[in-house]
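Okay, entry-v1.txt is below, compact mmCIF, C-alpha atoms and all ligand atoms:
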```
# COMPACT_ATOMS: atom_id res chain seq x y z
CA MET A 531 -86.08 116.11 125.38
CA VAL A 532 -86.68 119.77 124.89
CA VAL A 533 -90.09 121.45 124.82
CA VAL A 534 -90.21 124.62 122.74
CA MET A 535 -93.04 126.97 123.79
CA ARG A 536 -94.81 129.26 121.35
CA SER A 537 -93.93 132.97 121.58
CA SER A 538 -97.57 133.52 122.64
CA ALA A 539 -97.30 131.06 125.58
CA ASN A 540 -97.82 132.60 129.01
CA ASP A 541 -96.53 131.64 132.48
CA THR A 542 -99.54 129.41 133.17
CA ASP A 543 -98.78 127.37 130.02
CA VAL A 544 -95.14 126.97 131.09
CA ASP A 545 -96.14 126.00 134.65
CA LYS A 546 -98.54 123.31 133.36
CA VAL A 547 -95.79 121.68 131.30
CA VAL A 548 -93.34 121.82 134.23
CA LYS A 549 -95.93 120.26 136.56
CA ALA A 550 -96.71 117.46 134.07
CA ILE A 551 -93.00 116.62 133.84
CA LYS A 552 -92.55 116.61 137.61
CA ASP A 553 -95.72 114.53 138.11
CA VAL A 554 -94.11 111.65 136.20
CA GLY A 555 -90.87 111.86 138.17
CA GLY A 556 -88.81 114.03 135.81
CA ASP A 557 -87.10 117.35 136.25
CA ALA A 558 -87.67 120.47 134.17
CA PHE A 559 -85.33 123.37 133.48
CA VAL A 560 -86.94 126.49 132.14
CA SER A 561 -84.96 128.86 129.98
CA ARG A 562 -86.77 132.10 129.20
CA GLY A 563 -85.59 133.92 126.08
CA LYS A 564 -86.66 137.31 124.82
CA HIS A 565 -89.17 135.81 122.39
CA GLN A 566 -89.51 132.18 123.38
CA THR A 567 -89.23 129.88 126.36
CA ILE A 568 -87.75 126.41 126.16
CA ILE A 569 -88.01 123.68 128.77
CA GLY A 570 -85.35 120.98 129.10
CA LEU A 571 -86.49 117.60 130.44
CA VAL A 572 -84.16 115.50 132.55
CA GLY A 573 -84.84 111.99 133.80
CA ASP A 574 -85.61 108.50 132.57
CA LEU A 575 -86.97 108.79 129.02
CA THR A 576 -89.50 106.04 129.60
CA HIS A 577 -91.31 108.35 132.06
CA PHE A 578 -91.98 110.87 129.34
CA ALA A 579 -92.90 108.41 126.58
CA GLU A 580 -96.63 108.55 127.36
CA LEU A 581 -96.76 112.25 128.17
CA PRO A 582 -98.75 114.07 125.42
CA LEU A 583 -96.69 117.26 125.68
CA HIS A 584 -97.52 118.25 122.12
CA ALA A 585 -101.13 118.62 123.20
CA TYR A 586 -100.43 121.10 126.02
CA PRO A 587 -101.49 124.71 125.47
CA GLY A 588 -98.66 126.92 124.29
CA VAL A 589 -96.39 124.05 123.15
CA GLU A 590 -94.89 124.52 119.72
CA ASP A 591 -92.60 121.50 119.46
CA VAL A 592 -91.17 118.61 121.44
CA ILE A 593 -87.68 117.64 120.32
CA ARG A 594 -86.00 114.41 121.25
CA VAL A 595 -82.28 114.88 121.86
CA SER A 596 -81.42 111.37 123.03
CA ARG A 597 -82.00 108.10 121.21
CA PRO A 598 -85.28 106.22 121.66
CA TYR A 599 -83.53 102.84 122.00
CA LYS A 600 -81.54 101.79 125.03
CA LEU A 601 -80.67 98.09 125.01
CA VAL A 602 -79.25 97.97 121.50
CA SER A 603 -77.69 101.44 121.67
CA ASN A 604 -73.94 101.68 121.95
CA ASP A 605 -74.41 104.36 124.62
CA ALA A 606 -75.09 101.60 127.10
CA HIS A 607 -72.78 99.04 125.51
CA PRO A 608 -69.86 100.81 123.82
CA ARG A 609 -68.01 97.68 122.63
CA PRO A 610 -69.39 96.00 119.51
CA SER A 611 -71.07 92.66 120.23
CA THR A 612 -70.24 89.33 118.70
CA VAL A 613 -73.24 87.11 118.02
CA TRP A 614 -72.54 83.38 117.94
CA VAL A 615 -74.48 81.15 115.60
CA GLY A 616 -73.55 77.68 116.72
CA ASP A 617 -69.77 77.96 116.87
CA VAL A 618 -69.51 80.70 114.24
CA PRO A 619 -69.02 84.36 115.22
CA ILE A 620 -70.65 87.36 113.58
CA GLY A 621 -68.89 90.48 114.79
CA ARG A 622 -66.63 93.37 114.01
CA GLU A 623 -63.34 91.51 113.53
CA THR A 624 -64.56 88.94 111.05
CA VAL A 625 -66.63 88.77 107.88
CA THR A 626 -69.11 85.89 108.03
CA LEU A 627 -70.64 84.37 104.93
CA ILE A 628 -74.13 82.93 105.28
CA ALA A 629 -75.27 81.23 102.07
CA GLY A 630 -77.65 78.66 100.69
CA PRO A 631 -80.82 78.45 98.64
CA CYS A 632 -83.46 81.16 98.85
CA ALA A 633 -86.08 78.42 99.34
CA VAL A 634 -85.87 74.77 100.30
CA GLU A 635 -87.42 72.98 97.31
CA THR A 636 -86.15 69.40 97.59
CA GLU A 637 -83.60 67.58 99.70
CA GLU A 638 -81.23 67.21 96.71
CA GLN A 639 -81.46 70.90 95.71
CA THR A 640 -80.92 72.02 99.33
CA ALA A 641 -77.98 69.69 99.89
CA GLU A 642 -76.39 70.76 96.60
CA ALA A 643 -76.89 74.47 97.24
CA CYS A 644 -75.49 74.13 100.76
CA ARG A 645 -72.42 72.29 99.50
CA MET A 646 -71.92 75.13 97.01
CA ALA A 647 -72.24 77.60 99.90
CA ARG A 648 -69.55 75.79 101.86
CA GLU A 649 -67.26 75.73 98.83
CA ALA A 650 -67.58 79.50 98.51
CA GLY A 651 -66.50 80.02 102.13
CA ALA A 652 -69.83 80.00 103.97
CA THR A 653 -69.80 78.87 107.58
CA ILE A 654 -73.53 79.36 108.19
CA LEU A 655 -76.25 78.01 105.89
CA ARG A 656 -79.44 79.75 104.85
CA GLY A 657 -82.68 78.43 103.36
CA GLY A 658 -86.37 79.33 103.50
CA ALA A 659 -88.98 76.81 104.60
CA TYR A 660 -91.67 79.46 105.15
CA LYS A 661 -91.61 81.99 102.32
CA PRO A 662 -93.31 85.40 102.60
CA ARG A 663 -94.50 85.85 99.00
CA THR A 664 -96.08 88.87 97.39
CA SER A 665 -98.57 86.61 95.58
CA PRO A 666 -100.72 84.05 97.37
CA TYR A 667 -100.39 81.86 94.22
CA ALA A 668 -96.59 81.70 94.45
CA PHE A 669 -94.71 78.86 96.16
CA GLN A 670 -95.08 79.41 99.91
CA GLY A 671 -92.33 77.03 101.07
CA LEU A 672 -92.41 73.45 102.33
CA GLY A 673 -93.06 74.43 105.96
CA GLU A 674 -92.04 71.84 108.56
CA ALA A 675 -90.91 69.39 105.88
CA GLY A 676 -88.52 72.09 104.69
CA LEU A 677 -87.22 72.61 108.23
CA ASP A 678 -86.49 68.90 108.47
CA ILE A 679 -84.57 68.99 105.19
CA LEU A 680 -82.50 71.96 106.39
CA ASN A 681 -81.89 70.29 109.71
CA GLY A 682 -80.65 67.13 107.99
CA VAL A 683 -78.35 68.99 105.59
CA SER A 684 -77.01 71.15 108.41
CA HIS A 685 -76.17 68.04 110.42
CA ASP A 686 -74.57 66.30 107.44
CA LEU A 687 -72.35 69.30 106.70
CA GLY A 688 -71.74 70.18 110.35
CA MET A 689 -72.83 73.78 109.74
CA PRO A 690 -75.44 75.86 111.60
CA PHE A 691 -78.36 77.34 109.67
CA VAL A 692 -80.64 80.36 109.69
CA THR A 693 -84.20 80.26 108.43
CA GLU A 694 -87.11 82.68 108.34
CA VAL A 695 -90.12 82.50 110.60
CA VAL A 696 -93.18 84.37 109.33
CA THR A 697 -95.74 83.91 112.09
CA PRO A 698 -95.68 83.58 115.89
CA ALA A 699 -97.43 80.20 115.58
CA ASP A 700 -94.34 78.70 113.90
CA VAL A 701 -91.70 80.09 116.26
CA ASP A 702 -91.42 76.97 118.42
CA ALA A 703 -91.13 74.61 115.45
CA VAL A 704 -88.45 76.78 113.83
CA ALA A 705 -86.54 77.41 117.08
CA ALA A 706 -86.48 73.67 117.81
CA ARG A 707 -84.37 73.07 114.69
CA ALA A 708 -82.72 76.28 113.51
CA ASP A 709 -79.57 77.86 114.95
CA MET A 710 -80.72 81.37 114.08
CA LEU A 711 -84.19 82.81 113.36
CA GLN A 712 -84.70 85.28 110.55
CA ILE A 713 -87.27 88.07 110.59
CA GLY A 714 -87.87 89.03 106.97
CA ALA A 715 -88.12 92.55 105.59
CA ARG A 716 -91.91 92.33 105.32
CA ASN A 717 -92.22 91.44 109.00
CA MET A 718 -89.77 93.94 110.45
CA GLN A 719 -92.59 95.75 112.22
CA ASN A 720 -94.64 92.68 113.13
CA PHE A 721 -94.19 93.47 116.80
CA GLN A 722 -95.80 90.30 118.11
CA LEU A 723 -93.48 88.22 115.94
CA LEU A 724 -90.46 90.24 117.13
CA LYS A 725 -91.38 89.48 120.74
CA GLU A 726 -92.04 85.78 120.18
CA VAL A 727 -88.83 85.33 118.21
CA GLY A 728 -86.89 87.19 120.90
CA MET A 729 -88.30 84.91 123.56
CA ALA A 730 -87.21 81.80 121.66
CA GLY A 731 -83.71 82.56 122.94
CA LYS A 732 -81.92 81.86 119.65
CA PRO A 733 -79.84 84.42 117.72
CA VAL A 734 -82.00 86.62 115.48
CA LEU A 735 -81.28 87.93 111.98
CA LEU A 736 -83.36 91.08 111.58
CA LYS A 737 -83.76 92.32 108.03
CA ARG A 738 -84.49 95.97 107.35
CA GLY A 739 -88.02 96.65 106.10
CA LEU A 740 -88.42 97.75 102.50
CA THR A 741 -89.44 101.27 103.52
CA ALA A 742 -88.03 101.41 107.04
CA THR A 743 -85.80 104.20 108.25
CA ILE A 744 -82.66 103.18 110.14
CA ASP A 745 -84.27 104.36 113.39
CA GLU A 746 -87.36 102.19 112.78
CA TRP A 747 -85.12 99.20 112.04
CA ILE A 748 -83.16 99.73 115.24
CA MET A 749 -86.40 100.16 117.21
CA ALA A 750 -87.50 96.77 115.84
CA ALA A 751 -84.23 95.35 117.22
CA GLU A 752 -85.05 97.01 120.55
CA TYR A 753 -88.30 94.99 120.61
CA VAL A 754 -86.29 91.77 120.36
CA ALA A 755 -83.77 93.02 122.94
CA HIS A 756 -86.60 93.93 125.31
CA THR A 757 -87.36 90.21 125.68
CA GLY A 758 -83.86 89.80 127.15
CA ASN A 759 -82.34 88.45 123.93
CA LEU A 760 -79.42 90.57 122.74
CA GLN A 761 -78.16 88.09 120.14
CA ILE A 762 -79.34 90.22 117.22
CA VAL A 763 -77.73 90.75 113.82
CA LEU A 764 -79.05 93.57 111.61
CA CYS A 765 -79.28 92.92 107.86
CA GLU A 766 -79.48 95.65 105.23
CA ARG A 767 -81.22 94.10 102.21
CA GLY A 768 -82.00 97.08 100.03
CA ILE A 769 -84.79 99.61 100.31
CA ARG A 770 -87.47 100.74 97.90
CA THR A 771 -86.60 103.82 95.89
CA TYR A 772 -87.77 105.28 92.58
CA GLU A 773 -85.09 103.27 90.71
CA PRO A 774 -86.50 100.28 88.76
CA MET A 775 -83.18 98.98 87.35
CA THR A 776 -82.47 97.07 90.55
CA ARG A 777 -84.94 95.09 92.64
CA ASN A 778 -84.16 97.34 95.62
CA THR A 779 -81.51 99.98 96.26
CA LEU A 780 -78.73 98.73 98.50
CA ASP A 781 -78.24 101.38 101.16
CA VAL A 782 -74.54 100.92 101.88
CA SER A 783 -74.56 103.93 104.21
CA ALA A 784 -76.87 101.98 106.51
CA VAL A 785 -73.92 99.83 107.59
CA PRO A 786 -71.67 102.53 109.12
CA VAL A 787 -74.71 104.48 110.35
CA ALA A 788 -76.22 101.47 112.18
CA GLN A 789 -72.77 100.50 113.48
CA SER A 790 -72.32 104.00 114.88
CA LEU A 791 -75.63 103.83 116.74
CA THR A 792 -75.76 100.25 118.02
CA HIS A 793 -73.41 97.57 119.27
CA LEU A 794 -75.06 94.97 117.03
CA PRO A 795 -73.32 93.38 114.03
CA VAL A 796 -74.61 94.58 110.66
CA ILE A 797 -74.53 92.41 107.54
CA ILE A 798 -75.61 92.91 103.92
CA ASP A 799 -77.80 90.81 101.63
CA PRO A 800 -76.52 91.58 98.11
CA SER A 801 -78.91 89.01 96.57
CA HIS A 802 -82.23 90.54 97.63
CA SER A 803 -80.90 94.10 97.15
CA GLY A 804 -79.88 93.89 93.53
CA GLY A 805 -82.17 91.02 92.56
CA LYS A 806 -79.81 90.12 89.68
CA ARG A 807 -76.96 87.59 89.64
CA GLU A 808 -74.58 90.00 87.90
CA LEU A 809 -74.96 92.52 90.75
CA VAL A 810 -74.28 90.11 93.62
CA LEU A 811 -70.48 90.04 93.34
CA PRO A 812 -70.02 93.82 92.88
CA LEU A 813 -72.34 94.45 95.85
CA THR A 814 -70.40 91.88 97.88
CA ARG A 815 -67.22 93.88 97.28
CA ALA A 816 -69.05 97.06 98.32
CA ALA A 817 -70.41 95.36 101.45
CA ILE A 818 -66.99 94.33 102.73
CA ALA A 819 -65.43 97.66 101.75
CA VAL A 820 -68.06 99.60 103.70
CA GLY A 821 -67.41 97.51 106.81
CA ALA A 822 -70.25 94.97 106.85
CA ASP A 823 -69.78 92.21 109.42
CA GLY A 824 -71.05 89.57 107.04
CA LEU A 825 -73.10 88.68 103.99
CA ILE A 826 -76.11 86.52 103.27
CA ILE A 827 -76.18 85.23 99.71
CA ASP A 828 -78.54 83.05 97.64
CA VAL A 829 -77.02 80.16 95.67
CA HIS A 830 -78.79 77.56 93.53
CA PRO A 831 -77.45 74.60 91.52
CA ARG A 832 -79.98 75.20 88.71
CA PRO A 833 -81.48 78.70 89.04
CA GLU A 834 -83.47 78.25 85.82
CA LEU A 835 -85.58 75.70 87.73
CA ALA A 836 -85.71 77.64 91.04
CA LEU A 837 -89.17 78.15 92.54
CA VAL A 838 -88.11 81.44 94.16
CA ASP A 839 -85.60 84.15 93.21
CA GLY A 840 -83.69 82.18 90.53
CA PRO A 841 -82.48 85.36 88.76
CA GLN A 842 -80.42 86.48 91.76
CA ALA A 843 -78.94 83.12 92.77
CA LEU A 844 -75.22 82.60 92.29
CA ILE A 845 -74.28 79.52 90.27
CA ARG A 846 -71.35 77.09 90.48
CA GLU A 847 -69.22 79.21 88.13
CA ASP A 848 -69.45 82.14 90.59
CA LEU A 849 -68.19 80.28 93.65
CA LEU A 850 -64.45 80.66 93.12
CA THR A 851 -64.81 84.36 92.40
CA LEU A 852 -66.96 84.81 95.49
CA ARG A 853 -64.40 83.00 97.62
CA ASP A 854 -61.60 85.06 96.14
CA ILE A 855 -63.46 88.34 96.81
CA LEU A 856 -64.17 87.27 100.38
CA LEU A 857 -60.55 86.44 101.11
CA ARG A 858 -58.96 89.45 99.43
CA PHE A 859 -61.46 92.11 100.52
CA THR A 860 -61.68 90.75 104.05
CA ASP A 861 -57.92 90.90 104.31
CA ALA A 862 -57.86 94.44 102.90
CA ALA A 863 -60.48 95.42 105.50
CA GLY A 864 -58.19 94.11 108.26
CA ARG A 865 -60.55 91.27 109.12
CA GLN A 866 -60.65 87.51 108.81
CA LEU A 867 -63.18 85.33 107.08
CA ALA A 868 -65.17 83.83 109.95
CA ALA A 869 -64.51 80.20 110.72
CA PRO A 870 -66.01 77.94 113.37
CA THR A 871 -64.10 78.05 116.60
CA GLU A 872 -63.83 75.40 119.28
CA ASP A 873 -63.70 77.79 122.18
CA ARG A 874 -66.61 80.21 122.06
CA ARG A 875 -65.56 82.15 125.13
CA VAL A 876 -62.14 83.13 123.88
CA GLY A 877 -62.39 82.60 120.15
CA ALA A 878 -59.67 82.57 117.54
CA TRP A 879 -60.02 86.35 117.45
CA GLY A 880 -59.61 86.81 121.19
CA ARG A 881 -63.06 88.27 121.89
CA SER A 882 -65.42 87.42 124.66
CA ALA A 883 -68.76 85.85 123.67
CA SER A 884 -70.85 88.90 124.48
CA GLY A 885 -68.31 91.36 123.15
C1 LIG A 901 -85.08 85.93 102.17
O1 LIG A 901 -83.97 86.17 102.70
O2 LIG A 901 -85.39 84.81 101.74
C2 LIG A 901 -86.08 87.00 102.03
C3 LIG A 901 -87.34 86.76 101.72
O3 LIG A 901 -85.54 88.22 102.24
P1 LIG A 901 -86.25 89.65 102.49
O4 LIG A 901 -87.10 89.48 103.71
O5 LIG A 901 -85.08 90.54 102.70
O6 LIG A 901 -87.03 89.98 101.27
MN MN A 902 -85.47 85.28 98.25
```
What do you get writing this file as structure tokens?
Amino acid sequence: MVVVMRSSANDTDVDKVVKAIKDVGGDAFVSRGKHQTIIGLVGDLTHFAELPLHAYPGVEDVIRVSRPYKLVSNDAHPRPSTVWVGDVPIGRETVTLIAGPCAVETEEQTAEACRMAREAGATILRGGAYKPRTSPYAFQGLGEAGLDILNGVSHDLGMPFVTEVVTPADVDAVAARADMLQIGARNMQNFQLLKEVGMAGKPVLLKRGLTATIDEWIMAAEYVAHTGNLQIVLCERGIRTYEPMTRNTLDVSAVPVAQSLTHLPVIIDPSHSGGKRELVLPLTRAAIAVGADGLIIDVHPRPELALVDGPQALIREDLLTLRDILLRFTDAAGRQLAAPTEDRRVGAWGRSASG
């Protein structure tokens, strides 16, 4: 960090700042210019976090020059991580398809949607049992009954599944059944939920908040990591902009930016970004082209009857095209479509489990 003093600051002001820094165990280097003095801070950033340097007399600005996150930063962990969901990798050498219904409605609908997902090339299933809805009158999900349905379908198909948890009270019930826990966009800064989900010890899918900056999103991941759980996958799902033609605006730049700052895998949700079926396949191509480590996609056997997000669900007719895009674009990107692997320590792609 660098403290920039006002041109009117005197020696006493500078000395007070230096003393405050030293009092918390840091070191301060003063550089006196003709018009302004700047003070460089050296030491563990956490020491300075609580120091109200902005409030000191004569201080004009406090500028952070290093990143506020440590555990998820690639400074500390330069090799990209691979997160394992059951026996399926999500990492930099593969493209992993997660797919299934937006919401679990019935056992038949869930089983059918999950079979469609598998046909398209998915190796991880998705489905919502607890739905965070904008309206309290909208379908809120089947809760535990929905978890049981997902659990049954996942066992029948031999595929792991991810599902959202919306409140700390449900973390244990969800973690007891699911292979990966999802934090939805609306809960990205629900810090208590981030901590509880982290402590459940399962891999975490962390969606970007609708209005979150990339730094805020990564700081949310740091909350999970702070519990000791580094099995985190970031998911860009579109952000709110002034553009009403799409449900959200897919921020494709977020993928290379987040990958350049963290060692975590970054995937894209083309369904919740565009909000329209006809946009899902084009955005899938964009996702793989920009280097996403995976995709999470809604499918539904009869979207016209769907209780949630029917307009964006892929239908049976889309599956072959989706599979074809996955295979061809993944190959062009120099990656492989992720498949389950027997040996999680040295997988088919020769990576170690923690990257
Ligand atoms: C979802 O994946 O079902 C969902 C609600 O997504 P988001 O949190 O991105 O809106
Ligand atoms: Mn949805």
Review point. Taking into account only C-alpha atoms and all ligand atoms, which residue in the set A:Thr792, A:Ser783, A:Thr664, A:Thr871 is nearest to ligand LIG 901 (chain A)?
Key: A:Thr664
**Study point:** Residues within 7 Å of ligand MN 902 (chain A), counting all atoms listed in the file, as a PyMOL selection string
**Key:** chain A and resi 632-633+802+838-839
Practice item. Please write as a ChimeraX atom specification the list of polymer residues whose atoms come within 12 Å of (-99.5, 121.4, 120.7), counting all atoms listed in the file and keeping to the coordinates of the file. Key: /A:533-536,539,543,547,582-592
Check your understanding: Near stretch 572-578 of chain A, counting all atoms listed in the file, which residues have an atom at most 10 Å away, once you skip same-chain residues fewer than 5 positions from it, shown as an MDAnalysis selection string?
Key -> chainID A and resid 531:532 550:559 583 594 596:600
Point to revise | Site check for ligand LIG 901 (chain A): residues at most 10 Å away, all atoms listed in the file, as a VMD selection string | key: chain A and resid 630 to 633 656 to 664 692 to 694 696 712 to 718 735 to 740 765 to 769 778 798 to 803 826 to 828 838 to 839
Check your understanding: If we count all atoms listed in the file, what is near stretch 642-648 of chain A at a cut-off of 12 Å, once residues fewer than 2 positions away on the same chain are taken out, given as a PyMOL selection string?
Key -> chain A and resi 626-640+650-657+679-691+825-833+836+843-850+852-853+869
**Study point:** Protein, DNA and RNA residues within 9 Å of (-69.0, 95.8, 102.0), all atoms listed in the file, as a list of chain:residue names
**Key:**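 Residues lying no farther than 9 Å from the given point: A:Val782, A:Val785, A:Ile797, A:Ile798, A:Leu813, A:Thr814, A:Arg815, A:Ala816, A:Ala817, A:Ile818, A:Ala819, A:Val820, A:Gly821, A:Ala822, A:Asp823, A:Gly824, A:Leu825, A:Phe859.
Atom to atom, atom CA of A:Asp545 and atom CA of A:Ile569 stand 10.3 Å apart.
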Review point. In Å, with one decimal, what is the gap from atom CA of A:Lys732 to atom CA of A:Leu601?
Key: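 Between these atoms lies a distance of 17.1 Å.
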**Study point:** 9 Å contact set for A:His565, all atoms listed in the file, chain neighbours under 3 positions out, as a PyMOL selection string
**Key:** chain A and resi 536-538+562
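What separates atom CA of A:Ala706 from atom CA of A:Asp678 is a distance of 10.5 Å.
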Exercise for review: Find the residues near A:Met729: any atom within 10 Å, counting all atoms listed in the file, skip ones fewer than 3 places away on the same chain, and give them as a list in words.
Suggested key: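 Answer for this query is Val701, Asp702, Leu723, Leu724, Lys725, Glu726, Lys732, Val754, Ala755, His756, Thr757, Gly758 and Asn759 of chain A.
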Review point. In terms of the shortest atom-to-atom distance over all atoms listed in the file, which of A:Pro870, A:Gly676, A:Pro795, A:Gly840 is closest to A:Ile620?
Key: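 For A:Ile620, the nearest of the given residues is A:Pro795.
Comparing A:Pro786, A:Gly621, A:Gly616, A:Pro841 by their smallest distance to A:Leu867, the closest is A:Gly621 (using only C-alpha atoms).
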Size and centre in Å, one decimal, axis-aligned box, all listed stretch 795-814 of chain A atoms plus 6 Å per side, as AutoDock Vina command-line options:
```
--center_x -76.1 --center_y 91.1 --center_z 101.0 --size_x 24.2 --size_y 19.0 --size_z 38.1
```
